[in-house]
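Containing mmCIF, C-alpha atoms: start.cif.
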```cif
data_coords
#
loop_
_atom_site.label_atom_id
_atom_site.label_comp_id
_atom_site.auth_asym_id
_atom_site.auth_seq_id
_atom_site.Cartn_x
_atom_site.Cartn_y
_atom_site.Cartn_z
CA ARG S 366 -9.04 73.37 34.68
CA SER S 367 -11.12 75.99 32.90
CA CYS S 368 -8.41 76.66 30.32
CA PHE S 369 -7.12 74.55 27.42
CA ALA S 370 -3.71 76.28 27.38
CA ALA S 371 -2.10 79.62 28.18
CA LEU S 372 0.69 81.72 26.71
CA GLY S 373 3.72 83.01 28.55
CA SER S 374 7.21 84.29 27.88
CA ASP S 375 10.38 82.66 29.16
CA THR S 376 13.55 84.75 29.50
CA GLY S 377 15.28 82.72 32.20
CA GLY S 378 12.62 80.28 33.35
CA SER S 379 9.42 82.33 33.62
CA ILE S 380 7.34 79.59 32.00
CA ARG S 381 9.07 76.51 33.37
CA LEU S 382 9.39 77.60 37.01
CA PRO S 383 5.72 78.62 37.52
CA ALA S 384 4.72 75.43 35.72
CA ALA S 385 6.85 73.36 38.11
CA TYR S 386 5.44 75.15 41.15
CA CYS S 387 1.83 74.79 39.97
CA GLY S 388 1.92 71.21 38.65
CA VAL S 389 1.38 71.88 34.94
CA ILE S 390 3.49 71.56 31.79
CA GLY S 391 5.57 74.59 30.80
CA PHE S 392 7.10 74.46 27.31
CA LYS S 393 9.77 76.87 26.06
CA PRO S 394 10.57 76.26 22.36
CA SER S 395 13.81 77.14 20.57
CA TYR S 396 14.64 80.83 20.51
CA GLY S 397 13.05 82.36 17.42
CA ALA S 398 10.56 79.52 16.87
CA ILE S 399 7.57 81.63 18.01
CA SER S 400 7.37 85.27 17.00
CA ARG S 401 8.06 87.93 19.64
CA TRP S 402 5.91 90.44 17.74
CA GLY S 403 3.59 92.05 20.31
CA LEU S 404 5.62 90.84 23.30
CA VAL S 405 6.84 93.55 25.70
CA SER S 406 10.62 93.27 25.42
CA TYR S 407 12.66 92.56 28.51
CA ALA S 408 15.84 90.92 27.17
CA SER S 409 15.40 90.65 23.42
CA SER S 410 18.06 87.98 22.81
CA LEU S 411 16.55 85.73 25.50
CA ASP S 412 12.77 86.35 25.48
CA THR S 413 10.96 83.26 24.18
CA PRO S 414 7.16 82.94 23.99
CA GLY S 415 5.89 79.53 25.06
CA VAL S 416 2.97 77.50 26.37
CA PHE S 417 1.39 76.30 29.62
CA ALA S 418 -0.89 73.25 29.39
CA ARG S 419 -2.00 70.18 31.30
CA HIS S 420 -1.37 67.65 28.53
CA VAL S 421 1.49 67.16 26.08
CA THR S 422 -0.96 66.80 23.18
CA ASP S 423 -2.35 70.24 24.02
CA VAL S 424 1.18 71.68 23.85
CA ALA S 425 1.63 70.10 20.41
CA ILE S 426 -1.63 71.63 19.16
CA MET S 427 -0.53 75.04 20.41
CA LEU S 428 2.88 74.74 18.76
CA ASP S 429 1.22 73.90 15.45
CA ALA S 430 -0.67 77.17 15.71
CA LEU S 431 2.22 79.31 16.97
CA ILE S 432 5.44 78.18 15.31
CA ASP S 433 5.96 79.88 11.98
CA HIS S 434 8.23 82.49 10.45
CA ASP S 435 7.09 86.08 11.08
CA PRO S 436 8.63 88.82 8.90
CA LYS S 437 7.61 91.38 11.55
CA ASP S 438 10.06 89.83 14.02
CA SER S 439 13.73 90.10 13.00
CA THR S 440 14.63 87.22 15.33
CA SER S 441 11.93 84.91 13.95
CA ALA S 442 13.53 81.70 12.70
CA SER S 443 13.13 80.23 9.24
CA SER S 444 14.94 77.50 7.33
CA ASP S 445 16.77 80.24 5.41
CA THR S 446 17.91 82.39 8.32
CA LYS S 447 18.53 79.57 10.82
CA PRO S 448 19.19 76.24 9.08
CA GLN S 449 19.42 74.40 12.43
CA LEU S 450 15.67 74.97 12.83
CA ALA S 451 14.82 73.56 9.42
CA THR S 452 13.91 70.25 11.09
CA MET S 453 10.83 71.81 12.68
CA THR S 454 8.03 69.48 11.66
CA SER S 455 4.93 70.59 9.77
CA SER S 456 2.61 69.17 12.44
CA TYR S 457 3.81 68.50 15.97
CA TYR S 458 0.48 67.00 16.94
CA GLU S 459 0.42 64.47 14.10
CA GLU S 460 4.04 63.48 14.67
CA LEU S 461 3.41 63.10 18.39
CA LEU S 462 0.56 60.69 17.69
CA SER S 463 2.67 58.73 15.20
CA THR S 464 5.55 58.28 17.67
CA LYS S 465 3.41 57.63 20.75
CA GLN S 466 4.08 53.89 20.73
CA GLN S 467 7.84 54.37 20.48
CA GLY S 468 8.11 56.01 23.87
CA LEU S 469 11.73 56.54 24.83
CA LYS S 470 13.02 53.46 23.04
CA GLY S 471 16.29 54.21 21.29
CA LEU S 472 16.69 57.72 22.71
CA LYS S 473 19.94 58.69 24.40
CA ILE S 474 19.38 60.57 27.65
CA GLY S 475 22.06 62.84 29.13
CA ILE S 476 22.33 63.63 32.84
CA PRO S 477 24.44 66.78 33.39
CA MET S 478 26.84 66.21 36.28
CA GLU S 479 27.06 69.95 37.03
CA TYR S 480 23.36 70.09 37.99
CA HIS S 481 24.08 68.24 41.25
CA VAL S 482 24.31 71.42 43.32
CA THR S 483 24.24 71.88 47.08
CA GLU S 484 21.01 73.92 46.90
CA LEU S 485 19.11 70.92 45.50
CA ASP S 486 16.46 69.61 47.87
CA LYS S 487 16.66 65.94 48.81
CA GLU S 488 13.12 65.21 47.57
CA ILE S 489 13.98 66.60 44.15
CA VAL S 490 17.20 64.56 44.10
CA SER S 491 15.10 61.47 44.82
CA LEU S 492 12.59 62.31 42.06
CA TRP S 493 15.41 62.97 39.59
CA GLY S 494 16.83 59.50 40.22
CA GLU S 495 13.35 57.97 39.96
CA VAL S 496 12.67 59.61 36.58
CA ILE S 497 16.04 58.42 35.28
CA GLU S 498 15.03 54.86 36.18
CA TRP S 499 11.71 55.37 34.38
CA ALA S 500 13.65 56.36 31.28
CA ARG S 501 15.84 53.24 31.50
CA SER S 502 12.81 51.00 31.94
CA MET S 503 11.26 52.53 28.80
CA GLY S 504 14.25 51.59 26.66
CA ALA S 505 16.31 54.77 26.78
CA GLU S 506 20.09 54.74 27.08
CA VAL S 507 21.27 56.95 29.94
CA TYR S 508 24.67 58.66 30.03
CA GLU S 509 26.36 61.19 32.29
CA VAL S 510 27.32 64.32 30.37
CA SER S 511 29.25 67.44 31.26
CA LEU S 512 28.22 71.07 30.80
CA PRO S 513 31.29 72.65 32.42
CA HIS S 514 30.30 76.29 31.99
CA THR S 515 26.90 75.88 33.66
CA ARG S 516 28.38 77.22 36.90
CA TYR S 517 28.88 80.60 35.22
CA ALA S 518 25.49 80.76 33.51
CA LEU S 519 23.59 82.45 36.35
CA PRO S 520 25.81 85.54 36.75
CA ALA S 521 26.24 85.82 32.97
CA TYR S 522 22.48 85.75 32.49
CA TYR S 523 21.78 88.52 35.00
CA ILE S 524 24.44 90.72 33.41
CA LEU S 525 23.10 90.20 29.88
CA ALA S 526 19.40 90.36 30.78
CA SER S 527 19.83 93.49 32.89
CA ALA S 528 21.86 95.17 30.17
CA GLU S 529 19.16 94.52 27.58
CA ALA S 530 16.41 95.50 30.03
CA SER S 531 18.02 98.87 30.74
CA SER S 532 17.91 99.57 27.01
CA ASN S 533 14.44 98.14 26.31
CA LEU S 534 12.81 99.87 29.28
CA ALA S 535 14.22 103.28 28.34
CA ARG S 536 11.11 103.80 26.19
CA TYR S 537 8.91 103.89 29.31
CA ASP S 538 9.48 107.56 29.99
CA GLY S 539 5.92 108.80 30.48
CA VAL S 540 5.83 110.36 27.02
CA ARG S 541 5.78 107.55 24.48
CA TYR S 542 4.93 104.61 26.79
CA GLY S 543 3.79 104.02 30.34
CA MET S 544 2.23 106.12 33.05
CA ARG S 545 3.12 109.80 33.18
CA GLY S 546 4.30 111.36 36.42
CA ASP S 547 4.39 114.99 37.53
CA GLY S 548 7.11 117.57 37.05
CA SER S 549 7.72 121.22 36.35
CA ASP S 550 9.72 120.35 33.23
CA VAL S 551 10.44 117.36 30.99
CA GLN S 552 13.46 116.20 33.00
CA HIS S 553 11.53 116.12 36.28
CA MET S 554 8.55 114.47 34.59
CA TYR S 555 10.85 111.69 33.31
CA GLN S 556 12.31 111.27 36.78
CA ASP S 557 8.95 111.12 38.53
CA SER S 558 7.45 108.73 35.93
CA ARG S 559 10.26 106.20 36.19
CA SER S 560 10.72 106.56 39.96
CA ARG S 561 7.04 106.21 40.80
CA TYR S 562 5.86 103.53 38.36
CA PHE S 563 8.81 101.14 38.17
CA GLY S 564 8.96 98.58 40.97
CA ARG S 565 11.99 97.93 43.14
CA GLU S 566 13.19 94.87 41.20
CA VAL S 567 12.78 96.64 37.84
CA LYS S 568 14.83 99.60 39.11
CA ARG S 569 17.49 97.22 40.43
CA ARG S 570 17.89 95.57 37.03
CA ILE S 571 17.89 98.86 35.12
CA MET S 572 20.64 100.19 37.38
CA LEU S 573 22.67 96.99 37.05
CA GLY S 574 22.25 97.05 33.28
CA ALA S 575 23.30 100.68 33.00
CA MET S 576 26.38 99.93 35.08
CA VAL S 577 27.58 96.91 33.05
CA LEU S 578 27.09 98.85 29.80
CA SER S 579 29.08 101.85 31.02
CA ARG S 580 32.36 102.61 29.29
CA THR S 581 34.48 101.63 32.31
CA GLN S 582 32.66 98.32 33.00
CA TYR S 583 31.67 97.10 29.52
CA ASP S 584 34.71 94.89 28.89
CA SER S 585 34.85 93.49 32.41
CA TYR S 586 31.18 92.53 32.64
CA TYR S 587 29.12 92.64 29.46
CA ARG S 588 31.78 91.37 27.06
CA GLY S 589 32.80 88.67 29.54
CA ALA S 590 29.18 87.54 29.93
CA GLN S 591 28.82 87.26 26.15
CA LYS S 592 31.89 85.00 26.05
CA ILE S 593 30.38 82.79 28.75
CA ARG S 594 27.13 82.60 26.80
CA ARG S 595 29.00 81.33 23.76
CA LYS S 596 30.72 78.66 25.88
CA VAL S 597 27.39 77.55 27.36
CA MET S 598 26.00 77.19 23.82
CA THR S 599 29.06 75.18 22.81
CA ASP S 600 28.68 72.85 25.81
CA PHE S 601 25.14 71.96 24.77
CA GLN S 602 26.02 71.63 21.10
CA GLU S 603 28.90 69.26 21.80
CA CYS S 604 26.63 66.98 23.84
CA PHE S 605 23.94 66.91 21.17
CA ASP S 606 26.52 66.41 18.40
CA ALA S 607 27.81 63.40 20.36
CA GLY S 608 24.40 61.76 20.02
CA ILE S 609 22.49 62.86 23.13
CA ASP S 610 18.81 63.37 22.28
CA ILE S 611 17.41 64.67 25.57
CA MET S 612 18.82 65.91 28.87
CA ILE S 613 16.91 65.41 32.12
CA THR S 614 17.43 67.84 35.01
CA PRO S 615 15.37 69.31 37.84
CA THR S 616 13.41 72.44 36.94
CA SER S 617 13.94 74.13 40.30
CA PRO S 618 16.14 73.35 43.30
CA THR S 619 13.05 73.49 45.57
CA SER S 620 9.29 73.23 45.46
CA ALA S 621 7.14 76.36 45.69
CA TYR S 622 8.08 78.45 48.70
CA PRO S 623 6.14 80.98 50.82
CA MET S 624 6.08 84.52 49.44
CA SER S 625 7.25 85.78 52.82
CA SER S 626 10.57 83.97 52.30
CA MET S 627 11.47 86.13 49.27
CA GLN S 628 13.70 88.55 51.18
CA ASP S 629 17.13 88.27 49.61
CA PRO S 630 17.16 88.96 45.82
CA ILE S 631 20.38 87.02 45.27
CA THR S 632 18.97 83.95 46.98
CA THR S 633 15.77 84.29 44.96
CA TYR S 634 17.80 84.46 41.73
CA MET S 635 19.28 81.05 42.61
CA ASN S 636 15.95 79.43 41.76
CA ASP S 637 16.76 80.08 38.07
CA ILE S 638 19.97 78.05 38.22
CA PHE S 639 18.60 75.09 36.19
CA THR S 640 16.46 77.00 33.70
CA ILE S 641 18.81 79.79 32.63
CA PRO S 642 21.33 77.67 30.62
CA ALA S 643 18.65 76.65 28.08
CA ASN S 644 17.84 80.33 27.49
CA LEU S 645 21.47 81.29 27.03
CA ALA S 646 21.87 78.44 24.52
CA GLY S 647 18.53 79.09 22.77
CA VAL S 648 17.52 75.41 23.02
CA PRO S 649 13.99 74.11 23.72
CA ALA S 650 13.11 72.92 27.22
CA VAL S 651 10.01 71.76 29.06
CA SER S 652 9.04 71.35 32.70
CA LEU S 653 6.93 68.28 33.47
CA PRO S 654 4.93 67.77 36.71
CA LEU S 655 6.29 64.33 37.59
CA GLY S 656 6.39 64.39 41.38
CA LEU S 657 4.97 65.63 44.67
CA THR S 658 6.58 66.47 47.97
CA SER S 659 6.02 63.95 50.74
CA GLY S 660 3.92 66.32 52.83
CA SER S 661 5.98 65.50 55.91
CA GLY S 662 7.82 68.80 55.64
CA ALA S 663 8.29 71.59 53.14
CA THR S 664 11.24 71.49 50.82
CA SER S 665 13.94 74.06 51.38
CA SER S 666 12.83 77.64 50.91
CA PRO S 667 15.15 80.18 49.29
CA SER S 668 15.74 81.93 52.61
CA SER S 669 16.76 80.04 55.70
CA SER S 670 15.41 82.89 57.82
CA SER S 671 11.78 81.94 57.13
CA SER S 672 11.42 78.71 59.09
CA SER S 673 8.12 79.85 60.57
CA SER S 674 6.72 80.50 57.09
CA SER S 675 7.72 77.12 55.71
CA THR S 676 5.93 75.40 58.59
CA SER S 677 2.59 76.44 57.09
CA THR S 678 3.29 74.40 53.95
CA SER S 679 4.65 71.32 55.77
CA SER S 680 1.40 69.35 55.45
CA LEU S 681 0.88 70.13 51.77
CA ARG S 682 1.95 67.86 48.92
CA LEU S 683 3.42 70.37 46.50
CA PRO S 684 4.23 69.71 42.84
CA LEU S 685 7.79 68.94 41.76
CA GLY S 686 8.91 69.50 38.18
CA MET S 687 11.53 67.80 36.05
CA GLN S 688 13.06 69.58 33.05
CA LEU S 689 13.81 68.07 29.65
CA ILE S 690 16.17 69.85 27.24
CA ALA S 691 16.74 69.10 23.54
CA ALA S 692 18.79 70.50 20.65
CA ARG S 693 17.65 73.57 18.71
CA GLY S 694 14.79 72.65 16.41
CA ALA S 695 14.18 69.28 18.13
CA GLU S 696 10.79 70.20 19.62
CA HIS S 697 9.32 66.99 18.17
CA THR S 698 11.82 64.87 20.13
CA LEU S 699 11.09 66.87 23.29
CA LEU S 700 7.35 66.28 22.87
CA ARG S 701 7.87 62.57 22.28
CA ALA S 702 9.97 62.19 25.44
CA SER S 703 7.54 64.33 27.45
CA GLN S 704 4.58 62.20 26.37
CA ALA S 705 6.40 59.02 27.34
CA LEU S 706 7.32 60.24 30.84
CA MET S 707 3.91 61.78 31.49
CA SER S 708 2.29 58.45 30.61
CA HIS S 709 4.21 56.59 33.33
CA PRO S 710 1.73 55.16 35.87
CA LEU S 711 3.30 57.05 38.80
CA ALA S 712 3.22 60.32 36.88
CA GLN S 713 -0.43 59.71 36.02
CA GLU S 714 -1.28 58.94 39.65
CA ARG S 715 0.48 62.07 40.93
CA SER S 716 -1.10 64.34 38.35
CA ASN S 717 -4.52 63.27 39.57
CA THR S 718 -3.68 63.88 43.23
#
```
Could you take the file, read its structure, and then write that structure out as structure tokens?
Amino acid sequence: RSCFAALGSDTGGSIRLPAAYCGVIGFKPSYGAISRWGLVSYASSLDTPGVFARHVTDVAIMLDALIDHDPKDSTSASSDTKPQLATMTSSYYEELLSTKQQGLKGLKIGIPMEYHVTELDKEIVSLWGEVIEWARSMGAEVYEVSLPHTRYALPAYYILASAEASSNLARYDGVRYGMRGDGSDVQHMYQDSRSRYFGREVKRRIMLGAMVLSRTQYDSYYRGAQKIRRKVMTDFQECFDAGIDIMITPTSPTSAYPMSSMQDPITTYMNDIFTIPANLAGVPAVSLPLGLTSGSGATSSPSSSSSSSSTSTSSLRLPLGMQLIAARGAEHTLLRASQALMSHPLAQERSNT
């Protein structure tokens, strides 16, 4: 607790998932709300700077300092370039204080049916239902909603993100950026620099990205993933246009898992299943630490082959996060709902555990 807040970047859940695993708030604003100037690019159309904090008011203070148009970032939003973000308030902190007494009264909460997946741990299912009941008791109206293209979001994301990464990381050649390797000529120096100083996962994504951008695979993979992205955006927009203010989902299908269980990359990618859609749609989302595991046994780890590893966490009460999603530019509504849920007595008790 030595830090007021911290910055991070969220491309597919890299703020919200660590926040859920560590029991803090992780806030990803609308794409373009915070400038990417100075951020090392991974997937430029998805990278979104955001905030870690322990309190919703601290998040609001940080957003007041960070959200503004930046002419140095071509994707930075303004009321002229992106009218849907024109509703961004002048002071999130002041508006949060003014709406504190309203809580969730009058808000319409959507529960996406497609987020009930088989990988979801039973303790997170239980917490999800509990938080929905909190929302009802606070005066919110709760509805089931459908995001039918969510099932395709995960593969589409990894195609698009890897394609952009293969392009963005081309600059790390040992000449202009990055560590320089050895070689008798420029070609061998490039090869040694990129082979030696890129990790296994980085190489995997560069190779995947180069493949999907190749002339023979472009239409089958990259163009298809872009079409899915548009459909995911439309799914969210239709729900918000129908009057839904906030969606409540789990942040992760499991609690934090032992590092030794991270053996299969595909299984590890599945942990992003709930966070990726918000990135594809460019909408704001936040992970709130609203629950704890029972401590009677660890929640499911990504790899079933690591039963011995999960035993070591069976006596721990690990944080569980719930995710809230709002429409583009509706950060103020997201903060209001977050403050209301974090102020619930059970949430307060668990955050102090």
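If you measure from each of S:Gly378, S:Pro649, S:Gly468, S:Gly391 to Ala705 of chain S using only C-alpha atoms, the closest one turns out to be S:Gly468.
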Using Å and a single decimal, report how far atom CA of Ala385 of chain S sits from atom CA of Met687 of chain S.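 So the two atoms, atom CA of Met687 of chain S and atom CA of Ala385 of chain S, lie 7.6 Å apart.
Distances from S:Val567, S:Leu485, S:Val405, S:Leu683 to Ala384 of chain S were compared using all atoms listed in the file, and the smallest one belongs to S:Leu683.
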When you look at Ser410 of chain S with a cut-off of 12 Å (counting only C-alpha atoms), what residues show up, excluding the ones that are within fewer than 4 positions of it in the same chain? I need them as a list in words.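 Returned residues: Asp375, Thr376, Gly377, Ser395, Tyr396, Gly397, Arg401, Ser406, Ser439, Thr440, Ser441, Tyr522, Leu525, Ala526, Ser527, Ala528, Glu529, Ala530, Asn533, Gln591, Arg594, Asn644, Leu645, Ala646 and Gly647 of chain S.
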Expand the PyMOL selection byres ((chain S and resi 603) around 12) into the individual residues it matches in the shown file, reporting them as a PyMOL selection string. chain S and resi 475+510-513+596-602+604-610+646+692
For the provided coordinates, the residues matched by the PyMOL selection byres ((chain S and resi 639) around 7) should be stated as a VMD selection string. chain S and resid 615 to 617 637 to 638 640 to 642
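We find atom CA of Lys487 of chain S and atom CA of Thr718 of chain S to be spaced 21.2 Å apart.
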What is the atom CA of Ile497 of chain S-atom CA of Leu706 of chain S distance in Å, reported with one decimal? 10.0 Å
Which residues would end up in the selection if the PyMOL selection byres ((chain S and resi 455-465) around 9) were applied here, given that I need the answer as a ChimeraX atom specification? /S:421-429,453-454,466-468,696-698,700-701,704-705
Writer output for current selection, C-alpha atoms, as a PDB file, in the frame of the given file:
```
ATOM      1  CA  VAL S 421       1.490  67.160  26.080  1.00  0.00           C
ATOM      2  CA  THR S 422      -0.960  66.800  23.180  1.00  0.00           C
ATOM      3  CA  ASP S 423      -2.350  70.240  24.020  1.00  0.00           C
ATOM      4  CA  VAL S 424       1.180  71.680  23.850  1.00  0.00           C
ATOM      5  CA  ALA S 425       1.630  70.100  20.410  1.00  0.00           C
ATOM      6  CA  ILE S 426      -1.630  71.630  19.160  1.00  0.00           C
ATOM      7  CA  MET S 427      -0.530  75.040  20.410  1.00  0.00           C
ATOM      8  CA  LEU S 428       2.880  74.740  18.760  1.00  0.00           C
ATOM      9  CA  ASP S 429       1.220  73.900  15.450  1.00  0.00           C
ATOM     10  CA  MET S 453      10.830  71.810  12.680  1.00  0.00           C
ATOM     11  CA  THR S 454       8.030  69.480  11.660  1.00  0.00           C
ATOM     12  CA  GLN S 466       4.080  53.890  20.730  1.00  0.00           C
ATOM     13  CA  GLN S 467       7.840  54.370  20.480  1.00  0.00           C
ATOM     14  CA  GLY S 468       8.110  56.010  23.870  1.00  0.00           C
ATOM     15  CA  GLU S 696      10.790  70.200  19.620  1.00  0.00           C
ATOM     16  CA  HIS S 697       9.320  66.990  18.170  1.00  0.00           C
ATOM     17  CA  THR S 698      11.820  64.870  20.130  1.00  0.00           C
ATOM     18  CA  LEU S 700       7.350  66.280  22.870  1.00  0.00           C
ATOM     19  CA  ARG S 701       7.870  62.570  22.280  1.00  0.00           C
ATOM     20  CA  GLN S 704       4.580  62.200  26.370  1.00  0.00           C
ATOM     21  CA  ALA S 705       6.400  59.020  27.340  1.00  0.00           C
TER      22      ALA S 705
END
```
For each of S:Ala695, S:Met576, S:Ile611, S:Leu404, take the minimum atom-to-atom distance to Ala505 of chain S, counting all atoms listed in the file, then give the residue where this is smallest.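 Using all atoms listed in the file, Ala505 of chain S sits closest to S:Ile611.
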Using all atoms listed in the file, find the one residue out of S:Ser443, S:Ile613, S:Met544, S:Ala575 that sits nearest to Tyr480 of chain S.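 Closest to Tyr480 of chain S, using all atoms listed in the file: S:Ile613.
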Selected residue, from S:Ser620, S:His481, S:Leu382, S:His420, that lies nearest to Gln713 of chain S when counting all atoms listed in the file: S:His420
Hey, which of S:Ile432, S:Ala398, S:Ala643, S:Val389 ends up closest to Pro684 of chain S? Count all atoms listed in the file.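 Going through S:Ile432, S:Ala398, S:Ala643, S:Val389 one by one, the smallest distance to Pro684 of chain S is for S:Val389.
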List the spatial neighbours of Val416 of chain S as a PDB file with C-alpha atoms, keeping the file's coordinate frame - criterion: any atom at most 8 Å away, all atoms listed in the file, same-chain residues fewer than 6 positions off excluded.
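This is the output file out23.pdb:
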```pdb
ATOM      1  CA  ALA S 370      -3.710  76.280  27.380  1.00  0.00           C
ATOM      2  CA  ALA S 371      -2.100  79.620  28.180  1.00  0.00           C
ATOM      3  CA  LEU S 372       0.690  81.720  26.710  1.00  0.00           C
ATOM      4  CA  GLY S 373       3.720  83.010  28.550  1.00  0.00           C
ATOM      5  CA  ILE S 380       7.340  79.590  32.000  1.00  0.00           C
ATOM      6  CA  GLY S 391       5.570  74.590  30.800  1.00  0.00           C
ATOM      7  CA  PHE S 392       7.100  74.460  27.310  1.00  0.00           C
ATOM      8  CA  LYS S 393       9.770  76.870  26.060  1.00  0.00           C
ATOM      9  CA  VAL S 424       1.180  71.680  23.850  1.00  0.00           C
ATOM     10  CA  MET S 427      -0.530  75.040  20.410  1.00  0.00           C
TER      11      MET S 427
END
```
I'd like the contact shell of Gly388 of chain S - 10 Å cut-off, all atoms listed in the file, skipping same-chain residues fewer than 2 positions apart - returned as a ChimeraX atom specification. /S:382-386,390-391,418-419,652-657,683-686,715-716
Identify, on the basis of only C-alpha atoms, every residue whose closest approach to Ser502 of chain S does not exceed 10 Å; exclude the query and any residue fewer than 6 positions from it along the same chain; express the result as a ChimeraX atom specification. /S:469-470,496
Reconstruct N, CA, C and O atoms of segment 498-509 of chain S from the incomplete input and present them as a PDB file, keeping the file's coordinate frame.
```
ATOM      1  N   GLU S 498      15.343  56.295  36.234  1.00  0.00           N
ATOM      2  CA  GLU S 498      15.030  54.860  36.180  1.00  0.00           C
ATOM      3  C   GLU S 498      13.815  54.600  35.300  1.00  0.00           C
ATOM      4  O   GLU S 498      13.755  53.581  34.600  1.00  0.00           O
ATOM      5  N   TRP S 499      12.839  55.509  35.308  1.00  0.00           N
ATOM      6  CA  TRP S 499      11.710  55.370  34.380  1.00  0.00           C
ATOM      7  C   TRP S 499      12.223  55.340  32.942  1.00  0.00           C
ATOM      8  O   TRP S 499      11.785  54.514  32.136  1.00  0.00           O
ATOM      9  N   ALA S 500      13.125  56.263  32.641  1.00  0.00           N
ATOM     10  CA  ALA S 500      13.650  56.360  31.280  1.00  0.00           C
ATOM     11  C   ALA S 500      14.356  55.064  30.883  1.00  0.00           C
ATOM     12  O   ALA S 500      14.185  54.560  29.764  1.00  0.00           O
ATOM     13  N   ARG S 501      15.144  54.517  31.787  1.00  0.00           N
ATOM     14  CA  ARG S 501      15.840  53.240  31.500  1.00  0.00           C
ATOM     15  C   ARG S 501      14.839  52.122  31.246  1.00  0.00           C
ATOM     16  O   ARG S 501      14.998  51.328  30.310  1.00  0.00           O
ATOM     17  N   SER S 502      13.793  52.080  32.078  1.00  0.00           N
ATOM     18  CA  SER S 502      12.810  51.000  31.940  1.00  0.00           C
ATOM     19  C   SER S 502      12.018  51.109  30.650  1.00  0.00           C
ATOM     20  O   SER S 502      11.445  50.124  30.171  1.00  0.00           O
ATOM     21  N   MET S 503      11.986  52.308  30.057  1.00  0.00           N
ATOM     22  CA  MET S 503      11.260  52.530  28.800  1.00  0.00           C
ATOM     23  C   MET S 503      12.149  52.322  27.581  1.00  0.00           C
ATOM     24  O   MET S 503      11.703  52.576  26.457  1.00  0.00           O
ATOM     25  N   GLY S 504      13.379  51.904  27.792  1.00  0.00           N
ATOM     26  CA  GLY S 504      14.250  51.590  26.660  1.00  0.00           C
ATOM     27  C   GLY S 504      15.251  52.657  26.285  1.00  0.00           C
ATOM     28  O   GLY S 504      15.963  52.513  25.284  1.00  0.00           O
ATOM     29  N   ALA S 505      15.341  53.727  27.076  1.00  0.00           N
ATOM     30  CA  ALA S 505      16.310  54.770  26.780  1.00  0.00           C
ATOM     31  C   ALA S 505      17.695  54.377  27.275  1.00  0.00           C
ATOM     32  O   ALA S 505      17.836  53.607  28.234  1.00  0.00           O
ATOM     33  N   GLU S 506      18.715  54.899  26.623  1.00  0.00           N
ATOM     34  CA  GLU S 506      20.090  54.740  27.080  1.00  0.00           C
ATOM     35  C   GLU S 506      20.471  55.999  27.853  1.00  0.00           C
ATOM     36  O   GLU S 506      20.280  57.108  27.361  1.00  0.00           O
ATOM     37  N   VAL S 507      20.984  55.823  29.061  1.00  0.00           N
ATOM     38  CA  VAL S 507      21.270  56.950  29.940  1.00  0.00           C
ATOM     39  C   VAL S 507      22.779  57.111  30.101  1.00  0.00           C
ATOM     40  O   VAL S 507      23.493  56.154  30.387  1.00  0.00           O
ATOM     41  N   TYR S 508      23.246  58.355  29.922  1.00  0.00           N
ATOM     42  CA  TYR S 508      24.670  58.660  30.030  1.00  0.00           C
ATOM     43  C   TYR S 508      24.857  59.910  30.891  1.00  0.00           C
ATOM     44  O   TYR S 508      24.020  60.813  30.877  1.00  0.00           O
ATOM     45  N   GLU S 509      25.971  59.948  31.626  1.00  0.00           N
ATOM     46  CA  GLU S 509      26.360  61.190  32.290  1.00  0.00           C
ATOM     47  C   GLU S 509      27.038  62.083  31.264  1.00  0.00           C
ATOM     48  O   GLU S 509      27.844  61.618  30.457  1.00  0.00           O
TER      49      GLU S 509
END
```
